[in-house]
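Here is the structure we will look at.
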Protein chains: 2
Amino acid sequence: MPVAGNVAIIGSAATRFGVHHDRGYLDLLKEAATGAIADAGLESAQVDAAWLGTAHPELVSLQGDSGTAVTEVLGFAPKPVTRVSAYCATGMEAVRGAALGIASGEYDYVLAVGAEKMRDVAPRESLVARVANQTHPTLAKGRSGPGQFALLATRYLNDFGRSRDDMAAIAVKNHEHASRNPIAQYDQPVTREQVLAAPMVADPLGLLDCTPTTDGAAAVILTSVQRARTLGRPYAILDGVGFAVVDGYYATLYNPDNDYLGFRSTREAARIAYAQAGIENPREELDMVECHDCFTITEIINYEDLGLAPRGEGWRLLAEGATTVGGDIPVNLSGGLQSCGHPIGATGVRVVKEIADQVTGRAGPRQVDGARRGLAHTLGGPGVLSSVMVLSRGEA
Amino acid sequence: MPVAGNVAIIGSAATRFGVHHDRGYLDLLKEAATGAIADAGLESAQVDAAWLGTAHPELVSLQGDSGTAVTEVLGFAPKPVTRVSAYCATGMEAVRGAALGIASGEYDYVLAVGAEKMRDVAPRESLVARVANQTHPTLAKGRSGPGQFALLATRYLNDFGRSRDDMAAIAVKNHEHASRNPIAQYDQPVTREQVLAAPMVADPLGLLDCTPTTDGAAAVILTSVQRARTLGRPYAILDGVGFAVVDGYYATLYNPDNDYLGFRSTREAARIAYAQAGIENPREELDMVECHDCFTITEIINYEDLGLAPRGEGWRLLAEGATTVGGDIPVNLSGGLQSCGHPIGATGVRVVKEIADQVTGRAGPRQVDGARRGLAHTLGGPGVLSSVMVLSRGEA
């Protein structure tokens, strides 16, 4: 059976996102995985298979470069555990793999877990430093994440006559949202003035325009909608699943089709997910969105790529308060990557968990009244790939 | 629908395995991927999704650490490409992921491709050196591949009263087999004397007891058996697919259940694959096997773990000539990892291709007359995970 409409999420858990010098990769993985299994009302013996998303095993002595880490923390032998990676969409790839496992009928209950431990390395061994030290002729020429997204910010502000204030408003909103999220890395509000005065990282992106680096793990449990219906409680249905890979990692910025104002990967993934979910007007039909605010400019551009606003008018959605808590389509109620934090492999699972929790009425202080349907999105690499999932409430 | 019995392989291709200083990772990937698509009689536009297996992107400036490399070489945008890794079973994980994609009904035609470029680095940047340089408390203590498998060889030879001659016979057989394989890295025969006189790597494993490091890529195309039946030519059916992960990477050698005489992962994976395929006596019911001869001792132990011989008697299978070309169950007619070579992510796809080619009568000078059913196996990490697939001939 196809994934869309037939696969359900029935349990979830996440660690606190932040800096865990006192806990290792396996500790975080175990907390999320066992938490999700318990949340689904299962024992680990009832889970048939797992998908693990970890993007950068080289940061933790290669832990997470296969699925064995899940086996070790769960005592899961001899069951299959598949490790996937897809840059910042790694976690959503774990969810998608698990969904295919359910859709095939091969497995009854599947765990999708994402984990990343990014803070146990010295700066010169950090992800940014490691990538910059690669010998590839373009990657080694200063193409850091902030540097790449600064190009988009520069063009966006120029072409549409906007200013750093528009980006700062995203940071202010997401930090405010994070104050309602007990797992958030940065749960204190920031002011517009603080954002604008923060040290510049890659002009026009300052420190508070950027996502932090983070340790954390998140997990969800999947089963068929048919089986979820028998559990006696609400669950989340995967109404639409789009995963679009649009270019080679090294080619994108030099692709003549790239206008530096948006990401084709997000538009293609959303097109697929919306078609599967039967969504024609996402602004009206979605109750909330978790999208990939790796930088403040990215969230504005996501609004446009996801069809929530016309090109060049994403900033307006924010200015009108539509995407702030209490607005008609709140975005990143979790605090987003910027404030909840961004442990790369965990993020994609965490955003799916957030929307699943919302549509099942379990989002606690972040709950949107009457939430029925929401969207989870992650964007990977220099925009070369995106994952979009639409989740809706399923009744017992 | 479940994978077993419902998923078919309808095309395959591989590059020459060896040292390709004149060709990059993307060149090899492209040759295998486009070759398999053409071999299946398809255009790349007809392929709906892809799975990429690459185990060590850090050897090639992170190429292959997501699926974007496939997108780039095939012009595959915006289709989904999933990257998986599972140590030396990485390629078979790509095939298994692709099979789940077909089994779910989500996709009609899927590409599984594995690629690894291991020889473009200086020795101090090689895979072995990189692993040894990790800071993990056990991995950094000299646990190289040869060192780990030498422990098994030592115990096997001691407990069963065998000698290095038994292992040398594997090397002699596989080098002889490779002379019939046009893609093999080492296609010249070696003598018992040469094997025994080769420099010692990790006693009792000499240089010719070890797999080389290799550049290469291999690819297969999957579809449903229902669709394959309409193509008017033989195809290979996945009769059984077992993937077993039995321990954490770092824990295995210290696991009190490890007797150093075999691998639980292989036994569990084979158990699942045989059950799905309805195989009760593999020695009688399989026409040929490709198994993971990362070291000569491993092939002998594989015979036993795969149920082809009782514990402690794998060497006898070889001594009797059963596993040599012309024997009743030839093993590693390709030359195996030792002589065909071992580009890690490519190997698992290559072994599936080899068996698919055999059961469809396309194995050229290596063809086993009347081949109907065979087995492909890879073993990963320090034996912590294994993949076993049984493939049989499907008629149009």
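Quick note on naming: the chains in the structure tokens go A, B, ... in the order shown, residues restart at 1 in each chain, and ligands are numbered from 1 in order of appearance.
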Practice problem: Report as a PyMOL selection string the set of chain A residues whose atoms approach chain B to within 6 Å, with distances computed over only C-alpha atoms. | Solution: chain A and resi 1-2+61+66+68-69+71-72+77-80+83-86+103-106+134-136+243-249
Could you save those same residues with N, CA and C atoms as a PDB file, in the first residue's frame?
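Here's the written file selection_39.pdb:
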```pdb
ATOM      1  N   MET A   1       0.846  -1.196   0.000  1.00  0.00           N
ATOM      2  CA  MET A   1       0.000   0.000   0.000  1.00  0.00           C
ATOM      3  C   MET A   1       0.882   1.247   0.000  1.00  0.00           C
ATOM      4  N   PRO A   2       0.424   2.325  -0.601  1.00  0.00           N
ATOM      5  CA  PRO A   2       1.235   3.549  -0.552  1.00  0.00           C
ATOM      6  C   PRO A   2       1.324   4.075   0.885  1.00  0.00           C
ATOM      7  N   SER A  61      33.400   9.472  17.139  1.00  0.00           N
ATOM      8  CA  SER A  61      34.134   8.214  16.945  1.00  0.00           C
ATOM      9  C   SER A  61      33.339   7.199  16.142  1.00  0.00           C
ATOM     10  N   SER A  66      26.266   3.109  11.451  1.00  0.00           N
ATOM     11  CA  SER A  66      25.391   2.004  11.045  1.00  0.00           C
ATOM     12  C   SER A  66      24.303   1.945  12.099  1.00  0.00           C
ATOM     13  N   THR A  68      23.897  -0.226  14.380  1.00  0.00           N
ATOM     14  CA  THR A  68      24.249  -1.029  15.557  1.00  0.00           C
ATOM     15  C   THR A  68      24.030  -0.291  16.873  1.00  0.00           C
ATOM     16  N   ALA A  69      24.097   1.033  16.827  1.00  0.00           N
ATOM     17  CA  ALA A  69      23.918   1.786  18.068  1.00  0.00           C
ATOM     18  C   ALA A  69      22.527   1.547  18.649  1.00  0.00           C
ATOM     19  N   THR A  71      20.716  -1.170  18.195  1.00  0.00           N
ATOM     20  CA  THR A  71      20.756  -2.545  18.708  1.00  0.00           C
ATOM     21  C   THR A  71      21.337  -2.570  20.111  1.00  0.00           C
ATOM     22  N   GLU A  72      22.406  -1.829  20.291  1.00  0.00           N
ATOM     23  CA  GLU A  72      23.108  -1.838  21.567  1.00  0.00           C
ATOM     24  C   GLU A  72      22.255  -1.241  22.683  1.00  0.00           C
ATOM     25  N   ALA A  77      18.748  -6.987  19.128  1.00  0.00           N
ATOM     26  CA  ALA A  77      19.207  -8.079  18.257  1.00  0.00           C
ATOM     27  C   ALA A  77      18.148  -9.178  18.148  1.00  0.00           C
ATOM     28  N   PRO A  78      18.025  -9.791  16.986  1.00  0.00           N
ATOM     29  CA  PRO A  78      18.776  -9.607  15.735  1.00  0.00           C
ATOM     30  C   PRO A  78      18.021  -8.755  14.709  1.00  0.00           C
ATOM     31  N   LYS A  79      17.159  -7.878  15.182  1.00  0.00           N
ATOM     32  CA  LYS A  79      16.272  -7.168  14.247  1.00  0.00           C
ATOM     33  C   LYS A  79      17.024  -6.179  13.347  1.00  0.00           C
ATOM     34  N   PRO A  80      16.444  -5.912  12.191  1.00  0.00           N
ATOM     35  CA  PRO A  80      17.101  -4.998  11.264  1.00  0.00           C
ATOM     36  C   PRO A  80      17.044  -3.544  11.732  1.00  0.00           C
ATOM     37  N   ARG A  83      20.582   2.507   8.854  1.00  0.00           N
ATOM     38  CA  ARG A  83      21.050   3.875   9.059  1.00  0.00           C
ATOM     39  C   ARG A  83      20.967   4.665   7.754  1.00  0.00           C
ATOM     40  N   VAL A  84      20.368   5.843   7.847  1.00  0.00           N
ATOM     41  CA  VAL A  84      20.260   6.728   6.692  1.00  0.00           C
ATOM     42  C   VAL A  84      20.917   8.061   7.014  1.00  0.00           C
ATOM     43  N   SER A  85      21.328   8.780   5.966  1.00  0.00           N
ATOM     44  CA  SER A  85      21.771  10.161   6.159  1.00  0.00           C
ATOM     45  C   SER A  85      21.413  10.980   4.941  1.00  0.00           C
ATOM     46  N   ALA A  86      21.000  12.216   5.185  1.00  0.00           N
ATOM     47  CA  ALA A  86      20.600  13.124   4.113  1.00  0.00           C
ATOM     48  C   ALA A  86      20.747  14.562   4.607  1.00  0.00           C
ATOM     49  N   ALA A 103       4.452   0.399   5.192  1.00  0.00           N
ATOM     50  CA  ALA A 103       3.598   0.354   3.997  1.00  0.00           C
ATOM     51  C   ALA A 103       3.770  -0.953   3.228  1.00  0.00           C
ATOM     52  N   SER A 104       4.970  -1.516   3.269  1.00  0.00           N
ATOM     53  CA  SER A 104       5.213  -2.780   2.561  1.00  0.00           C
ATOM     54  C   SER A 104       4.483  -3.943   3.222  1.00  0.00           C
ATOM     55  N   GLY A 105       4.098  -3.748   4.487  1.00  0.00           N
ATOM     56  CA  GLY A 105       3.514  -4.860   5.229  1.00  0.00           C
ATOM     57  C   GLY A 105       4.567  -5.774   5.836  1.00  0.00           C
ATOM     58  N   GLU A 106       5.824  -5.432   5.612  1.00  0.00           N
ATOM     59  CA  GLU A 106       6.925  -6.265   6.133  1.00  0.00           C
ATOM     60  C   GLU A 106       6.979  -6.212   7.663  1.00  0.00           C
ATOM     61  N   GLN A 134      37.770  19.685   4.035  1.00  0.00           N
ATOM     62  CA  GLN A 134      37.707  18.735   2.928  1.00  0.00           C
ATOM     63  C   GLN A 134      38.503  19.295   1.756  1.00  0.00           C
ATOM     64  N   THR A 135      38.985  18.388   0.939  1.00  0.00           N
ATOM     65  CA  THR A 135      39.873  18.821  -0.137  1.00  0.00           C
ATOM     66  C   THR A 135      39.147  19.122  -1.433  1.00  0.00           C
ATOM     67  N   HIS A 136      37.822  19.015  -1.410  1.00  0.00           N
ATOM     68  CA  HIS A 136      37.090  19.252  -2.648  1.00  0.00           C
ATOM     69  C   HIS A 136      37.313  20.682  -3.147  1.00  0.00           C
ATOM     70  N   PHE A 243       9.757  13.718  -0.665  1.00  0.00           N
ATOM     71  CA  PHE A 243      11.210  13.860  -0.457  1.00  0.00           C
ATOM     72  C   PHE A 243      11.812  14.141  -1.825  1.00  0.00           C
ATOM     73  N   ALA A 244      12.374  15.308  -1.986  1.00  0.00           N
ATOM     74  CA  ALA A 244      12.894  15.725  -3.292  1.00  0.00           C
ATOM     75  C   ALA A 244      14.387  16.016  -3.207  1.00  0.00           C
ATOM     76  N   VAL A 245      15.135  15.391  -4.086  1.00  0.00           N
ATOM     77  CA  VAL A 245      16.572  15.661  -4.212  1.00  0.00           C
ATOM     78  C   VAL A 245      16.755  16.297  -5.586  1.00  0.00           C
ATOM     79  N   VAL A 246      17.278  17.495  -5.624  1.00  0.00           N
ATOM     80  CA  VAL A 246      17.234  18.241  -6.891  1.00  0.00           C
ATOM     81  C   VAL A 246      18.588  18.500  -7.524  1.00  0.00           C
ATOM     82  N   ASP A 247      19.665  18.192  -6.823  1.00  0.00           N
ATOM     83  CA  ASP A 247      20.943  18.508  -7.451  1.00  0.00           C
ATOM     84  C   ASP A 247      22.064  17.809  -6.693  1.00  0.00           C
ATOM     85  N   GLY A 248      23.241  17.818  -7.271  1.00  0.00           N
ATOM     86  CA  GLY A 248      24.414  17.350  -6.561  1.00  0.00           C
ATOM     87  C   GLY A 248      24.827  18.388  -5.535  1.00  0.00           C
ATOM     88  N   TYR A 249      25.454  17.927  -4.463  1.00  0.00           N
ATOM     89  CA  TYR A 249      25.815  18.841  -3.384  1.00  0.00           C
ATOM     90  C   TYR A 249      26.669  19.992  -3.890  1.00  0.00           C
TER      91      TYR A 249
END
```
Practice problem: List the neighbours of stretch 17-25 of chain A out to 7 Å using only C-alpha atoms; skip same-chain residues closer than 5 positions along the sequence, and give me the result as a PyMOL selection string. | Solution: chain A and resi 116-117+119-120+183-185+214-216+340-341
Would you output that residue set with N, CA and C atoms, as a compact mmCIF listing (two decimals), in the first residue's frame?
```
# COMPACT_ATOMS: atom_id res chain seq x y z
N GLU A 116 22.11 13.06 17.28
CA GLU A 116 23.37 13.70 16.89
C GLU A 116 24.01 14.29 18.14
N LYS A 117 25.31 14.08 18.23
CA LYS A 117 26.09 14.60 19.36
C LYS A 117 27.15 15.47 18.74
N ARG A 119 28.55 18.45 20.24
CA ARG A 119 29.24 19.40 21.10
C ARG A 119 30.41 18.81 21.88
N ASP A 120 30.72 17.55 21.61
CA ASP A 120 31.81 16.93 22.35
C ASP A 120 33.14 17.04 21.62
N ILE A 183 12.04 21.14 26.01
CA ILE A 183 13.30 20.53 25.53
C ILE A 183 14.20 21.53 24.82
N ALA A 184 13.77 22.80 24.72
CA ALA A 184 14.50 23.76 23.88
C ALA A 184 15.87 24.11 24.45
N GLN A 185 16.83 24.28 23.54
CA GLN A 185 18.18 24.66 23.92
C GLN A 185 18.23 26.09 24.45
N THR A 214 24.13 21.47 18.51
CA THR A 214 23.30 20.91 19.57
C THR A 214 23.52 19.41 19.70
N ASP A 215 23.37 18.90 20.91
CA ASP A 215 23.26 17.46 21.16
C ASP A 215 21.79 17.13 21.39
N GLY A 216 21.33 16.00 20.88
CA GLY A 216 19.95 15.60 21.16
C GLY A 216 19.51 14.41 20.34
N CYS A 340 14.99 25.82 19.58
CA CYS A 340 14.92 24.46 20.12
C CYS A 340 16.28 23.80 19.97
N GLY A 341 17.02 24.20 18.94
CA GLY A 341 18.34 23.61 18.69
C GLY A 341 18.31 22.68 17.49
```
Exercise. Determine, counting only C-alpha atoms, which protein, DNA and RNA residues have an atom within 6 Å of an atom of A:His342; residues of the same chain fewer than 3 positions away are not included. Present the result as a PyMOL selection string.
Key: chain A and resi 213-214+337+347
Exercise. DSSP on the backbone, then: every residue of stretch 289-388 of chain A marked alpha helix (DSSP H), written as a ChimeraX atom specification.
Key: /A:296-305,314-319,336-340,344-359
Write the residues you've just listed into a file as a short mmCIF file (atom, residue, chain, number, x, y, z; two decimals), in the first residue's frame, and include C-alpha atoms for each of them.
```
data_model
loop_
_atom_site.label_atom_id
_atom_site.label_comp_id
_atom_site.auth_asym_id
_atom_site.auth_seq_id
_atom_site.Cartn_x
_atom_site.Cartn_y
_atom_site.Cartn_z
CA THR A 296 16.27 33.41 9.89
CA ILE A 297 16.18 34.10 6.14
CA THR A 298 15.45 30.43 5.51
CA GLU A 299 12.19 30.55 7.42
CA ILE A 300 10.97 33.53 5.36
CA ILE A 301 11.95 31.73 2.17
CA ASN A 302 10.30 28.53 3.40
CA TYR A 303 6.98 30.38 3.77
CA GLU A 304 7.19 31.12 0.06
CA ASP A 305 8.50 27.73 -1.08
CA GLY A 314 6.99 35.77 3.16
CA TRP A 315 8.13 38.58 5.45
CA ARG A 316 4.57 39.93 5.36
CA LEU A 317 3.18 36.74 6.93
CA LEU A 318 5.43 37.36 9.88
CA ALA A 319 4.74 41.08 10.03
CA GLY A 336 12.47 25.95 15.55
CA LEU A 337 16.04 25.02 14.89
CA GLN A 338 17.19 28.41 16.09
CA SER A 339 15.85 28.10 19.62
CA CYS A 340 14.92 24.46 20.12
CA ILE A 344 21.15 17.32 12.77
CA GLY A 345 19.96 13.72 12.68
CA ALA A 346 17.44 14.33 15.46
CA THR A 347 15.83 17.44 13.99
CA GLY A 348 13.83 15.72 11.27
CA VAL A 349 12.33 13.29 13.74
CA ARG A 350 11.71 16.08 16.24
CA VAL A 351 9.69 18.16 13.75
CA VAL A 352 7.56 15.13 12.85
CA LYS A 353 7.07 14.46 16.57
CA GLU A 354 6.06 18.09 17.12
CA ILE A 355 3.33 17.98 14.47
CA ALA A 356 2.19 14.50 15.55
CA ASP A 357 1.92 15.78 19.12
CA GLN A 358 -0.06 18.81 17.94
CA VAL A 359 -2.64 16.90 15.91
#
```
Quick one: residues within 8 Å of stretch 224-229 of chain B, only C-alpha atoms counted, chain neighbours fewer than 6 positions away excluded, as an mmCIF file with C-alpha atoms, in the first residue's frame?
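around.cif written:
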```
data_model
loop_
_atom_site.group_PDB
_atom_site.id
_atom_site.type_symbol
_atom_site.label_atom_id
_atom_site.label_comp_id
_atom_site.auth_asym_id
_atom_site.auth_seq_id
_atom_site.Cartn_x
_atom_site.Cartn_y
_atom_site.Cartn_z
ATOM 1 C CA GLY B 5 8.645 -13.531 -3.502
ATOM 2 C CA ASN B 6 7.296 -10.226 -4.756
ATOM 3 C CA VAL B 7 10.327 -8.164 -5.732
ATOM 4 C CA ALA B 8 12.435 -8.807 -8.839
ATOM 5 C CA ILE B 10 15.612 -6.923 -13.874
ATOM 6 C CA ILE B 102 8.880 -1.691 -4.465
ATOM 7 C CA ALA B 103 7.049 -3.871 -1.928
ATOM 8 C CA ASP B 108 7.390 0.922 -9.933
ATOM 9 C CA TYR B 235 14.630 -12.074 -14.055
ATOM 10 C CA ILE B 237 13.213 -13.019 -7.638
ATOM 11 C CA GLY B 394 11.854 -16.020 -12.563
ATOM 12 C CA GLU B 395 10.410 -16.842 -15.982
ATOM 13 C CA ALA B 396 8.690 -14.374 -18.249
#
```
Quiz item: Do you know which residues are at most 6 Å from B:Tyr260 counting only C-alpha atoms, after dropping those on the same chain fewer than 2 positions away, and could you put them as JSON, numbers by chain?
Solution: {"B": [152, 258, 262]}
Exercise. Give the answer as one residue: which of A:Asn332, A:Ser392, A:Thr360, A:Thr223 has the shortest atom-to-atom distance to A:Gln46, using only C-alpha atoms?
Key: A:Thr223
Practice problem: From stretch 189-387 of chain B, collect each residue whose DSSP state is strand (DSSP E) and return the set as a PyMOL selection string. | Solution: chain B and resi 200-202+205-206+215-224+235-245+288-290+373-380+385-387
What would the file look like if the residues just selected were written as a PDB file, in the first residue's frame with C-alpha atoms?
```pdb
ATOM      1  CA  MET B 200      52.206 -11.307   7.583  1.00  0.00           C
ATOM      2  CA  VAL B 201      49.514  -8.695   8.332  1.00  0.00           C
ATOM      3  CA  ALA B 202      48.029  -9.984  11.580  1.00  0.00           C
ATOM      4  CA  LEU B 205      46.535 -13.705   8.342  1.00  0.00           C
ATOM      5  CA  GLY B 206      49.035 -12.853   5.617  1.00  0.00           C
ATOM      6  CA  ASP B 215      37.480   1.607  -6.164  1.00  0.00           C
ATOM      7  CA  GLY B 216      34.243   0.525  -7.829  1.00  0.00           C
ATOM      8  CA  ALA B 217      30.500   0.737  -8.232  1.00  0.00           C
ATOM      9  CA  ALA B 218      27.656  -1.672  -8.936  1.00  0.00           C
ATOM     10  CA  ALA B 219      23.943  -1.230  -9.517  1.00  0.00           C
ATOM     11  CA  VAL B 220      20.734  -3.222  -9.920  1.00  0.00           C
ATOM     12  CA  ILE B 221      17.189  -2.284 -10.956  1.00  0.00           C
ATOM     13  CA  LEU B 222      14.232  -3.596  -8.981  1.00  0.00           C
ATOM     14  CA  THR B 223      10.562  -3.894  -9.811  1.00  0.00           C
ATOM     15  CA  SER B 224       7.655  -6.075  -8.762  1.00  0.00           C
ATOM     16  CA  TYR B 235      14.630 -12.074 -14.055  1.00  0.00           C
ATOM     17  CA  ALA B 236      15.725 -12.773 -10.483  1.00  0.00           C
ATOM     18  CA  ILE B 237      13.213 -13.019  -7.638  1.00  0.00           C
ATOM     19  CA  LEU B 238      14.122 -12.049  -4.079  1.00  0.00           C
ATOM     20  CA  ASP B 239      12.925 -15.247  -2.389  1.00  0.00           C
ATOM     21  CA  GLY B 240      14.303 -14.351   1.008  1.00  0.00           C
ATOM     22  CA  VAL B 241      15.818 -11.245   2.574  1.00  0.00           C
ATOM     23  CA  GLY B 242      17.398 -11.379   6.031  1.00  0.00           C
ATOM     24  CA  PHE B 243      19.198  -8.457   7.614  1.00  0.00           C
ATOM     25  CA  ALA B 244      20.324  -9.045  11.188  1.00  0.00           C
ATOM     26  CA  VAL B 245      22.023  -6.573  13.495  1.00  0.00           C
ATOM     27  CA  MET B 288      25.950 -21.168  -5.860  1.00  0.00           C
ATOM     28  CA  VAL B 289      26.862 -18.657  -3.182  1.00  0.00           C
ATOM     29  CA  GLU B 290      28.591 -15.281  -3.025  1.00  0.00           C
ATOM     30  CA  ARG B 373      18.784 -20.414  -7.069  1.00  0.00           C
ATOM     31  CA  GLY B 374      21.682 -18.769  -5.254  1.00  0.00           C
ATOM     32  CA  LEU B 375      22.613 -16.826  -2.156  1.00  0.00           C
ATOM     33  CA  ALA B 376      24.284 -13.453  -1.631  1.00  0.00           C
ATOM     34  CA  HIS B 377      25.823 -12.547   1.728  1.00  0.00           C
ATOM     35  CA  THR B 378      27.720  -9.667   3.256  1.00  0.00           C
ATOM     36  CA  LEU B 379      28.993  -9.271   6.803  1.00  0.00           C
ATOM     37  CA  GLY B 380      29.623  -5.875   8.355  1.00  0.00           C
ATOM     38  CA  LEU B 385      25.509  -7.250  11.165  1.00  0.00           C
ATOM     39  CA  SER B 386      24.851  -9.439   8.154  1.00  0.00           C
ATOM     40  CA  SER B 387      22.660  -9.420   5.123  1.00  0.00           C
TER      41      SER B 387
END
```
Quiz item: From the set B:Leu26, B:Tyr186, B:Gly327, B:Arg372, which residue has the shortest atom-to-atom contact distance to B:Thr54, counting only C-alpha atoms?
Solution: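 Closest to B:Thr54 of all the choices is B:Leu26.
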Quiz item: Could you work out how far atom CA of A:Ala45 lies from atom CA of A:Ala32, giving the answer in Å with one decimal?
Solution: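 About the pair atom CA of A:Ala32 and atom CA of A:Ala45: they are 16.3 Å apart.
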Quiz item: Using only C-alpha atoms, which of the listed residues (A:Arg180, A:His292, A:Arg164, A:Arg271) sits closest to A:Cys88?
Solution: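 Among the listed residues, A:His292 lies closest to A:Cys88.
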Exercise. Record the distance separating atom CA of B:Met118 and atom CA of B:Arg192, expressed in Å with one decimal.
Key: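 Pair atom CA of B:Met118 / atom CA of B:Arg192 returns 28.2 Å.
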Quiz item: Restricting the calculation to only C-alpha atoms, which member of B:Val128, B:Leu261, B:Met92, B:Ile272 is positioned closest to B:Pro310?
Solution: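 Nearest to B:Pro310: B:Leu261.
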